[in-house]
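A.B. asks: Sending over a structure as C-alpha cells; questions will come in a sec.
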Amino acid sequence: MKSLLIAALVAVTPLPPLQPELLHAAIADLEHPVATSAQLRVAGPAGRWYGAEGLADGRREVRPDDRFRIGSVTKVFVATVALQLVAERRLSLETKVRHYFPDVPESLDAVTVGQLLNHTSGIPNEVGYPDLSTPEKVLAHRYDRWTPQQLRDLIPESGPKFPPGTRQEYRGINYLLATMIVEKITGRDLAREVEERVTRPLGLTKTYVPQRNETTIRGAHVHGYLDVSGQRVDVSDFNSSRAHGEGDMVSTTGDLTRFIDALFGGRLLPEPLLEKMFTLPEVSMVDGTPARYGTGLQTFTVNGVEVWGKTGEWYGYNAGMFSTRDRQRRIAYSFTPAVRDASQQEMTLRIANAVTSGAAQEVGEVMRTQQGVSWRHHDAPV
C-alpha cells in the first residue's frame, strides 16, 4: 500500500523508447576513455536492456553478475540506513555531530547530522593524507589500512569553510562521520547494518561492505587496472578502508537496479523520510551553481529527463546508479578506466544521452548540448 501511495504522488516521466544501437554505442568505445570493460543495465517498465564490452580479467568476457567496486554509490546505502534510524527515533538529523564525538574540533560545533548527509557541513579539508597524485604513488599506498578514528583525526582545528547549512560542497568526510555515528548508535559495524537492513531483505546477494582488512573482491568480478609507468597494473586487490562509508562497497548492475527500485518504491523508508532524499537544500554550491545533492542522492536532467541517484569512482573503476522518480527507467553502469582523468566523462556522457534520448546523437553534440551535466562527483578518490 505504501509503495502504491508513493507511486501515485510521483508524476510519470514521459520517456522515449530505448534505442539499442545507441545504448550499445555508449559502451562500445573503450578507447574514449581508455578502459578494459564496460557494462550498462537499463530496467523498468519503460524498457529493459543489458550490454557489456571488453574483458573482465584479460581473458573472459564480462558477465551480468560480475561484481565491481561502486565507489561513492556507497553513500546511498549509508544515507538509507541513517534515515531508517531516524524513523526508529534513534537518530535525529538536527543533532550536532559533536554530541556523538566531542573530540571533533570545537570550531565545528554547529554541524548537524543532517548537514553531513546533504553536504552542507562546511567541514574543512582533511590534512595528513598520503600523496596519491600519481599512479605510482597510488600503488605504494594501495594496502594502507585506516581506522575510522585515524580518518576523523585528519579534520584540522581550523574553522568551517563556510557557516554550516549556508552552502553545499560534496565531501567524502561527511559520510565517514555519518557512518561512524550509525556505528556508534547501533553498536555494530556498517557491514552488518547494511546486510541486515538492506541487502538481505532485498535479496541483493552480490552486494556487500568489505571488512576493513579485506582487499580482494569476493567471487567473480570485473578487474580494474591503472596505467603505471607504461605498464597496465591490475588494482582490483586494494584496501578500501580509507573510504569507509563513503566509497568502499561492492555490487553488480542487477543488484543496483533492484536496490534503487526498492528505495524509490518506499520499501526501505517511510514517505516523509524518503522525500528528504529528493529535497535539495535551498543554498548554492560553493562554485555558485544550484545545489544538486539531497540526502544521499544527486540529481540532474538530460534530454529533458530528470533522474536521481549517485555516481562513484575508485581506482580502476567508475560506476553509477540512477532512476526516474517514478522508477519507469532505472540505470546502473560500470566501466574500468585505466587512467583517472576527465576523459572518463566521455563514457558517462554517452551513457547519459543513450538512456534518455529517443534518437542517436554524436558524442560531440552531446558534450556541447549537455554542458555542465556530469555524472561524476569531483571528490577524489572515490
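Identifiers in the C-alpha cells: chain A, B, ... in order shown; residue index from 1 per chain; ligand index from 1 in order shown.
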Compile the contact shell of Gln150 in chain A as a PyMOL selection string: residues with an atom at most 12 Å away, counting only C-alpha atoms, same-chain residues fewer than 3 positions apart removed.
C.D. replies: chain A and resi 126-129+144-147+153-155+173+176-177+180+241-244
A.B. asks: Can you list, as JSON, numbers by chain, every protein, DNA or RNA residue that comes within 12 Å of Gly54 in chain A when you count only C-alpha atoms, leaving out same-chain residues fewer than 5 positions away?
C.D. replies: {"A": [27, 28, 29, 30, 31, 34, 35, 36, 37, 38, 39, 59, 60, 61, 62, 63, 222, 223, 224, 334, 335, 336, 337]}
A.B. asks: Once you have the residues from the selection above, write them out as a short mmCIF file (atom, residue, chain, number, x, y, z; two decimals), in the first residue's frame, restricted to N, CA, C and O atoms.
C.D. replies:
```cif
data_model
loop_
_atom_site.label_atom_id
_atom_site.label_comp_id
_atom_site.auth_asym_id
_atom_site.auth_seq_id
_atom_site.Cartn_x
_atom_site.Cartn_y
_atom_site.Cartn_z
N ILE A 27 28.73 2.19 -24.76
CA ILE A 27 29.74 1.44 -24.01
C ILE A 27 30.75 0.75 -24.92
O ILE A 27 31.74 0.18 -24.43
N ALA A 28 30.54 0.80 -26.23
CA ALA A 28 31.39 0.02 -27.15
C ALA A 28 32.77 0.64 -27.34
O ALA A 28 33.74 -0.08 -27.61
N ASP A 29 32.88 1.96 -27.21
CA ASP A 29 34.16 2.63 -27.46
C ASP A 29 35.01 2.58 -26.20
O ASP A 29 34.83 3.39 -25.27
N LEU A 30 35.96 1.65 -26.15
CA LEU A 30 36.84 1.51 -24.98
C LEU A 30 38.17 2.23 -25.17
O LEU A 30 39.11 2.01 -24.41
N GLU A 31 38.20 3.13 -26.15
CA GLU A 31 39.38 3.99 -26.34
C GLU A 31 39.13 5.40 -25.83
O GLU A 31 40.06 6.16 -25.61
N VAL A 34 40.10 5.39 -22.30
CA VAL A 34 40.79 4.11 -22.33
C VAL A 34 40.27 3.26 -21.17
O VAL A 34 40.38 3.63 -20.00
N ALA A 35 39.65 2.13 -21.50
CA ALA A 35 39.06 1.26 -20.48
C ALA A 35 39.18 -0.18 -20.94
O ALA A 35 39.29 -0.46 -22.15
N THR A 36 39.13 -1.10 -19.99
CA THR A 36 39.24 -2.52 -20.33
C THR A 36 37.88 -3.20 -20.42
O THR A 36 37.78 -4.30 -20.96
N SER A 37 36.83 -2.57 -19.88
CA SER A 37 35.50 -3.16 -19.94
C SER A 37 34.46 -2.10 -19.64
O SER A 37 34.76 -1.03 -19.11
N ALA A 38 33.22 -2.41 -20.01
CA ALA A 38 32.09 -1.54 -19.68
C ALA A 38 30.82 -2.37 -19.70
O ALA A 38 30.71 -3.32 -20.48
N GLN A 39 29.89 -2.02 -18.84
CA GLN A 39 28.58 -2.68 -18.88
C GLN A 39 27.51 -1.68 -18.47
O GLN A 39 27.75 -0.75 -17.71
N ARG A 59 40.90 -12.15 -19.98
CA ARG A 59 40.69 -13.43 -20.67
C ARG A 59 39.22 -13.67 -21.00
O ARG A 59 38.91 -14.03 -22.13
N ARG A 60 38.34 -13.53 -20.05
CA ARG A 60 36.94 -13.87 -20.29
C ARG A 60 36.08 -12.61 -20.43
O ARG A 60 36.43 -11.53 -19.93
N GLU A 61 34.94 -12.76 -21.09
CA GLU A 61 34.02 -11.65 -21.27
C GLU A 61 33.32 -11.31 -19.96
O GLU A 61 33.18 -12.15 -19.07
N VAL A 62 32.87 -10.08 -19.85
CA VAL A 62 32.13 -9.63 -18.68
C VAL A 62 30.78 -10.34 -18.62
O VAL A 62 30.09 -10.49 -19.63
N ARG A 63 30.42 -10.80 -17.41
CA ARG A 63 29.13 -11.45 -17.21
C ARG A 63 28.20 -10.52 -16.42
O ARG A 63 28.66 -9.70 -15.62
N VAL A 222 34.74 -8.03 -12.11
CA VAL A 222 35.46 -7.32 -13.15
C VAL A 222 36.72 -6.73 -12.53
O VAL A 222 36.65 -6.11 -11.46
N HIS A 223 37.83 -6.91 -13.18
CA HIS A 223 39.09 -6.37 -12.68
C HIS A 223 39.27 -4.93 -13.14
O HIS A 223 38.91 -4.57 -14.26
N GLY A 224 39.86 -4.12 -12.26
CA GLY A 224 40.19 -2.75 -12.60
C GLY A 224 41.70 -2.62 -12.78
O GLY A 224 42.48 -3.34 -12.14
N SER A 334 28.84 0.32 -15.13
CA SER A 334 30.19 0.22 -14.59
C SER A 334 31.17 0.15 -15.75
O SER A 334 30.89 -0.52 -16.74
N PHE A 335 32.27 0.86 -15.65
CA PHE A 335 33.36 0.66 -16.59
C PHE A 335 34.68 0.79 -15.84
O PHE A 335 34.72 1.25 -14.70
N THR A 336 35.74 0.30 -16.48
CA THR A 336 37.02 0.18 -15.78
C THR A 336 38.08 0.99 -16.52
O THR A 336 38.85 0.45 -17.33
N PRO A 337 38.15 2.30 -16.23
CA PRO A 337 39.12 3.16 -16.90
C PRO A 337 40.53 2.93 -16.35
O PRO A 337 40.73 2.76 -15.15
#
```
A.B. asks: Using the chain letters and numbers from this document, which residues of range 39-95 of chain A does DSSP assign to strand (DSSP E or B), as a list in words?
C.D. replies: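 Here are the strand (DSSP E or B) residues of range 39-95 of chain A: Gln39, Leu40, Arg41, Val42, Ala43, Trp49, Tyr50, Gly51, Ala52, Glu53, Gly54, Leu55, Glu61, Arg67, Phe68, Arg69, Ile70 and Gly71 of chain A.
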A.B. asks: Which residue, A:Val194, A:Lys276, A:Ala342, A:Gly51, has the smallest gap to Val86 in chain A when you use only C-alpha atoms?
C.D. replies: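 Closest to Val86 in chain A of all the choices is A:Lys276.
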A.B. asks: For range 26-134 of chain A against range 195-199 of chain A, with a cut-off of 9 Å and counting only C-alpha atoms, what is the closest atom pair and its distance in Å to one decimal for every residue that makes the cut, ordered by chain and number, as CSV?
C.D. replies:
```
residue,atom,partner,partner_atom,distance
A:Phe77,CA,A:Val198,CA,7.9
A:Thr80,CA,A:Val198,CA,8.5
A:Val81,CA,A:Arg197,CA,7.2
A:Gln84,CA,A:Arg197,CA,8.6
```
A.B. asks: What's the 10 Å shell around Asp131 in chain A, counting only C-alpha atoms, without same-chain residues fewer than 3 positions away, as a list in words?
C.D. replies: Gly128, Thr134, Lys137, Val138, Ala140 and His141 of chain A
A.B. asks: For N, CA and C atoms, I'd like the residues from the last selection saved as a short mmCIF file (atom, residue, chain, number, x, y, z; two decimals), in the first residue's frame.
C.D. replies:
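Now in selection.cif:
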```
data_model
loop_
_atom_site.label_atom_id
_atom_site.label_comp_id
_atom_site.auth_asym_id
_atom_site.auth_seq_id
_atom_site.Cartn_x
_atom_site.Cartn_y
_atom_site.Cartn_z
N GLY A 128 46.77 15.49 6.10
CA GLY A 128 47.55 14.33 6.52
C GLY A 128 47.41 13.10 5.64
N THR A 134 49.93 10.53 -8.27
CA THR A 134 50.34 9.78 -9.45
C THR A 134 49.98 8.31 -9.28
N LYS A 137 52.31 6.51 -6.93
CA LYS A 137 52.08 6.76 -5.51
C LYS A 137 50.84 6.03 -5.02
N VAL A 138 49.85 5.90 -5.88
CA VAL A 138 48.66 5.13 -5.51
C VAL A 138 49.05 3.69 -5.20
N ALA A 140 51.88 2.57 -4.21
CA ALA A 140 52.68 2.49 -2.99
C ALA A 140 51.81 2.46 -1.74
N HIS A 141 50.57 2.95 -1.84
CA HIS A 141 49.69 3.04 -0.66
C HIS A 141 48.45 2.16 -0.79
#
```
A.B. asks: I'd like the contact shell of Ala291 in chain A - 8 Å cut-off, only C-alpha atoms, skipping same-chain residues fewer than 5 positions apart - returned as a PyMOL selection string.
C.D. replies: chain A and resi 168+280-285
A.B. asks: Suppose you want the space between CA of Thr74 in chain A and CA of Ala354 in chain A; what is it in Å?
C.D. replies: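 Taking CA of Thr74 in chain A and CA of Ala354 in chain A, their separation equals 24.4 Å.
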A.B. asks: Neighbours of Leu256 in chain A within 12 Å (only C-alpha atoms; same-chain residues fewer than 2 positions away dropped), as a PyMOL selection string?
C.D. replies: chain A and resi 40-43+64-65+67-70+73-74+76-77+198-199+202-208+249-254+258-263+309-311+319-323+330-334
A.B. asks: Between CA of His24 in chain A and CA of Gly358 in chain A, what distance in Å does the model show, to one decimal?
C.D. replies: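 We find that CA of His24 in chain A and CA of Gly358 in chain A lie 14.0 Å from each other.
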A.B. asks: Which residue gives the smallest distance to Phe238 in chain A among A:Leu117, A:Pro290, A:Arg142, A:Gly219, with only C-alpha atoms counted?
C.D. replies: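 Residue with the minimum atom-to-atom distance to Phe238 in chain A: A:Arg142.
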A.B. asks: Fewer than 4 positions away in the same chain doesn't count, so skip those; otherwise give me all residues within 12 Å of Arg171 in chain A, counting only C-alpha atoms, as a PDB file with N, CA and C atoms, in the first residue's frame.
C.D. replies:
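Below is the file that was written, part_22.pdb:
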```pdb
ATOM      1  N   SER A  72      31.453   5.898  -4.622  1.00  0.00           N
ATOM      2  CA  SER A  72      30.547   6.723  -3.815  1.00  0.00           C
ATOM      3  C   SER A  72      29.074   6.384  -3.944  1.00  0.00           C
ATOM      4  N   LYS A  75      27.349   5.822  -0.674  1.00  0.00           N
ATOM      5  CA  LYS A  75      26.703   6.851   0.145  1.00  0.00           C
ATOM      6  C   LYS A  75      25.181   6.704   0.184  1.00  0.00           C
ATOM      7  N   GLN A 115      23.318  17.934   8.062  1.00  0.00           N
ATOM      8  CA  GLN A 115      24.241  18.670   7.203  1.00  0.00           C
ATOM      9  C   GLN A 115      25.350  17.772   6.667  1.00  0.00           C
ATOM     10  N   LEU A 116      25.699  16.730   7.399  1.00  0.00           N
ATOM     11  CA  LEU A 116      26.624  15.742   6.853  1.00  0.00           C
ATOM     12  C   LEU A 116      25.995  15.049   5.650  1.00  0.00           C
ATOM     13  N   LEU A 117      24.750  14.644   5.813  1.00  0.00           N
ATOM     14  CA  LEU A 117      24.094  13.828   4.799  1.00  0.00           C
ATOM     15  C   LEU A 117      23.757  14.592   3.528  1.00  0.00           C
ATOM     16  N   ASN A 118      23.587  15.928   3.615  1.00  0.00           N
ATOM     17  CA  ASN A 118      23.313  16.683   2.385  1.00  0.00           C
ATOM     18  C   ASN A 118      24.466  17.611   2.001  1.00  0.00           C
ATOM     19  N   HIS A 119      25.627  17.369   2.571  1.00  0.00           N
ATOM     20  CA  HIS A 119      26.872  18.039   2.162  1.00  0.00           C
ATOM     21  C   HIS A 119      26.829  19.552   2.358  1.00  0.00           C
ATOM     22  N   THR A 120      26.215  20.004   3.438  1.00  0.00           N
ATOM     23  CA  THR A 120      26.220  21.433   3.754  1.00  0.00           C
ATOM     24  C   THR A 120      26.963  21.707   5.060  1.00  0.00           C
ATOM     25  N   SER A 121      27.859  20.804   5.450  1.00  0.00           N
ATOM     26  CA  SER A 121      28.529  20.921   6.757  1.00  0.00           C
ATOM     27  C   SER A 121      29.606  21.987   6.786  1.00  0.00           C
ATOM     28  N   GLY A 122      30.280  22.235   5.671  1.00  0.00           N
ATOM     29  CA  GLY A 122      31.383  23.189   5.658  1.00  0.00           C
ATOM     30  C   GLY A 122      32.657  22.677   6.306  1.00  0.00           C
ATOM     31  N   ILE A 123      32.739  21.384   6.597  1.00  0.00           N
ATOM     32  CA  ILE A 123      33.930  20.832   7.242  1.00  0.00           C
ATOM     33  C   ILE A 123      35.163  21.108   6.373  1.00  0.00           C
ATOM     34  N   PRO A 124      36.259  21.596   6.968  1.00  0.00           N
ATOM     35  CA  PRO A 124      37.453  21.924   6.171  1.00  0.00           C
ATOM     36  C   PRO A 124      38.130  20.682   5.616  1.00  0.00           C
ATOM     37  N   ASN A 125      38.966  20.892   4.628  1.00  0.00           N
ATOM     38  CA  ASN A 125      39.684  19.781   4.011  1.00  0.00           C
ATOM     39  C   ASN A 125      40.593  19.092   5.013  1.00  0.00           C
ATOM     40  N   GLU A 126      40.595  17.753   4.957  1.00  0.00           N
ATOM     41  CA  GLU A 126      41.443  16.988   5.861  1.00  0.00           C
ATOM     42  C   GLU A 126      42.923  17.260   5.576  1.00  0.00           C
ATOM     43  N   LYS A 161      34.688  25.871   6.376  1.00  0.00           N
ATOM     44  CA  LYS A 161      34.931  26.608   5.144  1.00  0.00           C
ATOM     45  C   LYS A 161      33.838  27.635   4.882  1.00  0.00           C
ATOM     46  N   TYR A 175      30.394  11.632   4.962  1.00  0.00           N
ATOM     47  CA  TYR A 175      29.821  10.285   5.078  1.00  0.00           C
ATOM     48  C   TYR A 175      30.671   9.366   5.946  1.00  0.00           C
ATOM     49  N   LEU A 176      31.945   9.650   6.089  1.00  0.00           N
ATOM     50  CA  LEU A 176      32.715   8.931   7.104  1.00  0.00           C
ATOM     51  C   LEU A 176      32.113   9.205   8.479  1.00  0.00           C
ATOM     52  N   LEU A 177      31.877  10.490   8.792  1.00  0.00           N
ATOM     53  CA  LEU A 177      31.312  10.841  10.096  1.00  0.00           C
ATOM     54  C   LEU A 177      29.906  10.282  10.262  1.00  0.00           C
ATOM     55  N   ALA A 178      29.086  10.343   9.212  1.00  0.00           N
ATOM     56  CA  ALA A 178      27.736   9.783   9.295  1.00  0.00           C
ATOM     57  C   ALA A 178      27.792   8.289   9.570  1.00  0.00           C
ATOM     58  N   ALA A 243      38.137   4.741   2.526  1.00  0.00           N
ATOM     59  CA  ALA A 243      36.848   5.258   2.054  1.00  0.00           C
ATOM     60  C   ALA A 243      35.695   4.668   2.856  1.00  0.00           C
ATOM     61  N   GLU A 246      32.052   5.896   2.669  1.00  0.00           N
ATOM     62  CA  GLU A 246      31.888   6.888   1.608  1.00  0.00           C
ATOM     63  C   GLU A 246      32.167   6.328   0.227  1.00  0.00           C
ATOM     64  N   GLY A 247      32.855   5.170   0.150  1.00  0.00           N
ATOM     65  CA  GLY A 247      33.129   4.675  -1.179  1.00  0.00           C
ATOM     66  C   GLY A 247      33.724   3.289  -1.241  1.00  0.00           C
ATOM     67  N   MET A 285      25.898  25.678  -4.445  1.00  0.00           N
ATOM     68  CA  MET A 285      27.184  25.022  -4.326  1.00  0.00           C
ATOM     69  C   MET A 285      28.260  26.085  -4.112  1.00  0.00           C
ATOM     70  N   VAL A 286      29.440  25.673  -3.672  1.00  0.00           N
ATOM     71  CA  VAL A 286      30.499  26.645  -3.413  1.00  0.00           C
ATOM     72  C   VAL A 286      30.928  27.370  -4.687  1.00  0.00           C
ATOM     73  N   TYR A 293      22.598  18.062  -4.578  1.00  0.00           N
ATOM     74  CA  TYR A 293      22.626  16.878  -3.725  1.00  0.00           C
ATOM     75  C   TYR A 293      21.540  16.977  -2.664  1.00  0.00           C
ATOM     76  N   GLY A 296      21.802  11.926   0.382  1.00  0.00           N
ATOM     77  CA  GLY A 296      22.279  10.682  -0.203  1.00  0.00           C
ATOM     78  C   GLY A 296      22.200  10.599  -1.716  1.00  0.00           C
ATOM     79  N   HIS A 377      31.464  13.159  -9.448  1.00  0.00           N
ATOM     80  CA  HIS A 377      31.191  13.943  -8.238  1.00  0.00           C
ATOM     81  C   HIS A 377      32.343  14.824  -7.799  1.00  0.00           C
ATOM     82  N   HIS A 378      33.480  14.737  -8.455  1.00  0.00           N
ATOM     83  CA  HIS A 378      34.602  15.641  -8.199  1.00  0.00           C
ATOM     84  C   HIS A 378      35.118  15.562  -6.761  1.00  0.00           C
ATOM     85  N   ASP A 379      35.109  14.442  -6.146  1.00  0.00           N
ATOM     86  CA  ASP A 379      35.642  14.289  -4.789  1.00  0.00           C
ATOM     87  C   ASP A 379      36.595  13.113  -4.790  1.00  0.00           C
ATOM     88  N   ALA A 380      37.801  13.324  -5.312  1.00  0.00           N
ATOM     89  CA  ALA A 380      38.787  12.241  -5.386  1.00  0.00           C
ATOM     90  C   ALA A 380      39.058  11.700  -3.991  1.00  0.00           C
ATOM     91  N   PRO A 381      39.285  10.391  -3.866  1.00  0.00           N
ATOM     92  CA  PRO A 381      39.479   9.458  -4.934  1.00  0.00           C
ATOM     93  C   PRO A 381      38.289   8.561  -5.194  1.00  0.00           C
ATOM     94  N   VAL A 382      37.148   8.732  -4.502  1.00  0.00           N
ATOM     95  CA  VAL A 382      36.099   7.738  -4.656  1.00  0.00           C
ATOM     96  C   VAL A 382      34.849   8.336  -5.288  1.00  0.00           C
TER      97      VAL A 382
END
```
A.B. asks: Would you kindly return, as a short mmCIF file (atom, residue, chain, number, x, y, z; two decimals) with N, CA, C and O atoms, in the first residue's frame, each protein, DNA or RNA residue with an atom no farther than 10 Å from any atom of Phe101 in chain A, considering only C-alpha atoms and excluding same-chain residues fewer than 3 positions away?
C.D. replies:
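And here's around_32.cif as it stands now:
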```cif
data_model
loop_
_atom_site.label_atom_id
_atom_site.label_comp_id
_atom_site.auth_asym_id
_atom_site.auth_seq_id
_atom_site.Cartn_x
_atom_site.Cartn_y
_atom_site.Cartn_z
N LYS A 96 23.71 17.64 16.86
CA LYS A 96 25.05 18.05 16.48
C LYS A 96 26.00 16.87 16.45
O LYS A 96 25.91 15.95 17.27
N VAL A 97 26.92 16.90 15.51
CA VAL A 97 27.90 15.83 15.37
C VAL A 97 28.74 15.69 16.64
O VAL A 97 29.07 14.58 17.07
N ARG A 98 29.06 16.80 17.29
CA ARG A 98 29.90 16.75 18.49
C ARG A 98 29.17 16.12 19.68
O ARG A 98 29.79 15.79 20.69
N VAL A 104 35.70 16.00 17.91
CA VAL A 104 35.67 16.76 16.67
C VAL A 104 35.95 18.22 17.02
O VAL A 104 35.50 18.71 18.05
N PRO A 105 36.78 18.93 16.22
CA PRO A 105 37.14 20.30 16.56
C PRO A 105 35.95 21.15 17.02
O PRO A 105 34.88 21.13 16.40
N ARG A 152 39.10 10.38 11.02
CA ARG A 152 38.47 11.52 11.68
C ARG A 152 39.51 12.49 12.22
O ARG A 152 39.29 13.71 12.22
N LEU A 177 31.88 10.49 8.79
CA LEU A 177 31.31 10.84 10.10
C LEU A 177 29.91 10.28 10.26
O LEU A 177 29.55 9.78 11.34
N MET A 180 30.23 6.65 11.09
CA MET A 180 30.69 6.45 12.46
C MET A 180 29.56 6.67 13.46
O MET A 180 29.47 5.98 14.49
N ILE A 181 28.67 7.62 13.15
CA ILE A 181 27.52 7.85 14.02
C ILE A 181 26.57 6.66 13.98
O ILE A 181 26.08 6.20 15.02
N LYS A 184 28.10 3.97 16.03
CA LYS A 184 28.05 4.24 17.47
C LYS A 184 26.65 4.00 18.02
O LYS A 184 26.48 3.42 19.10
#
```
A.B. asks: For each of A:Ser240, A:Thr166, A:Thr257, A:Thr216, take the minimum atom-to-atom distance to Trp314 in chain A, counting only C-alpha atoms, then give the residue where this is smallest.
C.D. replies: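 The closest residue to Trp314 in chain A is A:Ser240.
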A.B. asks: Which is closest to Pro16 in chain A among A:Gly47, A:Glu94, A:Phe300, A:Arg325, if we use only C-alpha atoms?
C.D. replies: A:Gly47
